[in-house]
Amino acid sequence: MQNIAATQPPVAEREPHTTRIHSTELHDDYAWMRDKESPRVLEYLKAENAYTASMMAGTEELQKQLYDEILSHIKEDDVSVPYRDGAWEYLVRTEKGLQYPRYCRRPAGSTPSLNSTEPISDETVILDVNKLAEGQPFMAIGDSAVSPDGLLLAYTTDSTGFRQYTLHIKDLTTGQVLADTAERVGSLAWAADSKTLFYSTEDEQTKRQDRLFRHRVGDAASADAAVFHEPDERFNLGVGRTRDRKYLLLQIGSHTTSESWFLESATPEGSFQLIAPRVDDEEYYVDHRDGFFYIRSNRNAEQFKLMRAMVSATNREQWEELLPEQADAPLEDFDLFQNFLVAGYRERGLPVLRVFSLGAGGRPIEPRDIRFPDPAYTAFSEINRDFNATQFRYAYQSLVRPSSVFLYDVGTGESTLLKQQEVPGGFDASHYRSERLWFRAHDGTEVPVSLVYRCDAFQKSGKNPLYVYGYGSYGYPLPLGFSASRLALLDRGLVVAYAHVRGGGELGDPWHDAGKMMLKRNTFTDFIEGVEFLVREGYGDPARVAIEGGSAGGLLMGAVVNFTVADGKPRLFRAVVSHVPFVDVMNTMLDASLPLTVGEYEEWGNPNEPAAFEYMRSYSPYDNLREGAYPAMLIKTSLNDSQVMYWEPAKYVAKLRTLKNNDALLLLHINMDAGHGGASGRYDYLKEIAFDDAFLLRELNAEKKKGG
């Protein structure tokens, strides 16, 4: 790498490397960046960080202002709503000045006022993540599970960001962490005896959860029994329990296919039994009540339906339909209790919670809907551990309403607010407005977009800076929750929009299917047309549009920028922020040794097949960079990312520097101590947000606050 002052962009050496696939040559002059241990690679990444720091010089005061502003809207000393599990109530505390939460519990029935954040005398800390993080640049908790008798806590930790977790078991009576441990651990589930723990582990090379082990407390990991191995590289496995705790469940799934196995929790030495064998492109998910497995399935039901089968007769031919498929409302999930169940649907892309009493024979009757007041929101089941409950806890928040936890009385149909997240710093919800709009894509498909803005700073005349976020992959619906950090943008006059493009899951599996594999380009054209629609309708200044996405959403960012440059419309976007972007599609998907690759064939296609290769090659951001004028871009990654390797964005930026012919900023920032999600500490994470916002606001000429 050429040594250049930090005021000039680093120049990465080009080492021609060509791979011939089918009849096409793939050129990759920066393949050498894959060597993570190479001093040359680390030198290059540090040079990029130095250049980014120099180009962001002058924004330090703005970054501090943004950080202070965001922090002012966060209640630093806070406590979650306690939930009951057995003889205990569990809660999470955050404390001013501490980066990480403390997980606590107290005897059930000792709950003080929910408005109080002070601990009571018999409350104990069962896990202090701040202590675990001492001396570590990164700390994250993976899975955790308290034994049925409440005496042991199993939990997993990651100290690098690579999402490689180590198992620990803590005696909650003595506070001692036991010698029991294991590496590369994923999911956890205790058997009824509180002495047997089941855990899954990942394959060392591909990071696929492929094995299940049975551990007896006190035994060495080398003595743990291997219970199950999944050889198919498309599939991952995980272990859990039914809500009534009678069965352990082994769930095995790919992106399109799943199957479940069960074992009585009281007989952990037994063998898991298969409910129904996997069938390609069919998924099913189960819970248990009174000798029946209740099954959410897409068998002959693209939008899923609810079935059930006797535990003694689980083959598909004996499944009984309980709730039929609704073509316009996908069944996303269900929560099963002794006397009722709650079905989670989506109508027009927004959640509805439908509560059914369970009548004679356990069949759902008397449906009641829990509906919500805002035009764009998120709602979901909260923590509900009591199988015999008569009340149901759910969470709700919207683009203008802070996170809230409610308790729904199944008998009366009434909801009671348990707690709404306090937002200090002068927040007034009436100052903000959200909308839900639909635009028509080029093929006639209606696509939703949700947006929020500050009322006294908004003019529907094309004068506001516009920020649009997108994802559109894996059938994942964009959550439309409240964000304290987003207020900094809204208070500076930005209209903030979320484009629910095809490839996501807002409208069920058909919406996902319409934006994956050989239809993936719909995701990109939907996003571009959504931005054009918002500008055309007066929601944004066409000269001040910023876009953002991360991971597969970073692929979206790279693709739409390339599309607009190719179409001669580079100024459709003024600025781009792309987090851990999946931009090197071809090289990654052709390398089956990388984590996730083989399983991802069901999302993107298998490039070893000529037709899929040509289609993927047509949109892969790294392979479609060309000479032209590009928008200002901030590309962010982490050295220890296990989902999208750091070299993808690093190579992308290096190549783009040789092709862009305008003076717009192109910045690469690498977190040298984190993984796919960025910094783990909450204050460090807020500083990352302030950095990103400073970049966007400077590019959009929107640094000053608006409104009253």
# chains A, B, ... in the order shown; residues from 1 in each chain; ligands from 1
>>> select_by_dssp(residues="range 76-281 of chain A", states="alpha helix (DSSP H)", output="PDB file with N, CA and C atoms, in the first residue's frame")
ATOM      1  N   VAL A 129     -23.165  -7.732  33.316  1.00  0.00           N
ATOM      2  CA  VAL A 129     -22.387  -7.755  32.077  1.00  0.00           C
ATOM      3  C   VAL A 129     -21.219  -6.787  32.153  1.00  0.00           C
ATOM      4  N   ASN A 130     -21.336  -5.744  32.978  1.00  0.00           N
ATOM      5  CA  ASN A 130     -20.221  -4.805  33.145  1.00  0.00           C
ATOM      6  C   ASN A 130     -18.989  -5.506  33.713  1.00  0.00           C
ATOM      7  N   LYS A 131     -19.195  -6.413  34.661  1.00  0.00           N
ATOM      8  CA  LYS A 131     -18.063  -7.154  35.223  1.00  0.00           C
ATOM      9  C   LYS A 131     -17.479  -8.112  34.203  1.00  0.00           C
ATOM     10  N   LEU A 132     -18.349  -8.738  33.410  1.00  0.00           N
ATOM     11  CA  LEU A 132     -17.849  -9.634  32.368  1.00  0.00           C
ATOM     12  C   LEU A 132     -17.016  -8.871  31.343  1.00  0.00           C
TER      13      LEU A 132
END
>>> select_by_dssp(residues="range 396-636 of chain A", states="strand (DSSP E or B)", output="ChimeraX atom specification")
/A:396-398,404-409,415-420,432-440,446-454,466-470,495-499,502,504,545-550,575-579,628,632-636
>>> closest_atom_pairs(of="range 16-43 of chain A", to="range 575-592 of chain A", cutoff="10 Å", atoms="only C-alpha atoms", output="Markdown table")
| residue | atom | partner | partner_atom | distance |
| --- | --- | --- | --- | --- |
| A:Thr19 | CA | A:Asn587 | CA | 9.4 |
| A:Ile21 | CA | A:Leu590 | CA | 9.2 |
| A:Leu26 | CA | A:Asn587 | CA | 8.4 |
| A:His27 | CA | A:Asn587 | CA | 9.8 |
| A:Asp28 | CA | A:Asn587 | CA | 8.6 |
| A:Ala31 | CA | A:Asn587 | CA | 9.3 |
>>> write_last_selection(atoms="C-alpha atoms", output="mmCIF file, in the first residue's frame")
data_model
loop_
_atom_site.group_PDB
_atom_site.id
_atom_site.type_symbol
_atom_site.label_atom_id
_atom_site.label_comp_id
_atom_site.auth_asym_id
_atom_site.auth_seq_id
_atom_site.Cartn_x
_atom_site.Cartn_y
_atom_site.Cartn_z
ATOM 1 C CA THR A 19 -11.431 -16.604 -11.822
ATOM 2 C CA ILE A 21 -16.783 -19.394 -13.816
ATOM 3 C CA LEU A 26 -14.410 -12.571 -12.542
ATOM 4 C CA HIS A 27 -11.681 -10.012 -11.933
ATOM 5 C CA ASP A 28 -10.689 -9.223 -8.358
ATOM 6 C CA ALA A 31 -8.389 -10.427 -3.205
#
>>> atom_distance(atom1="CA of Gly505 in chain A", atom2="CA of Leu437 in chain A")
17.1 Å
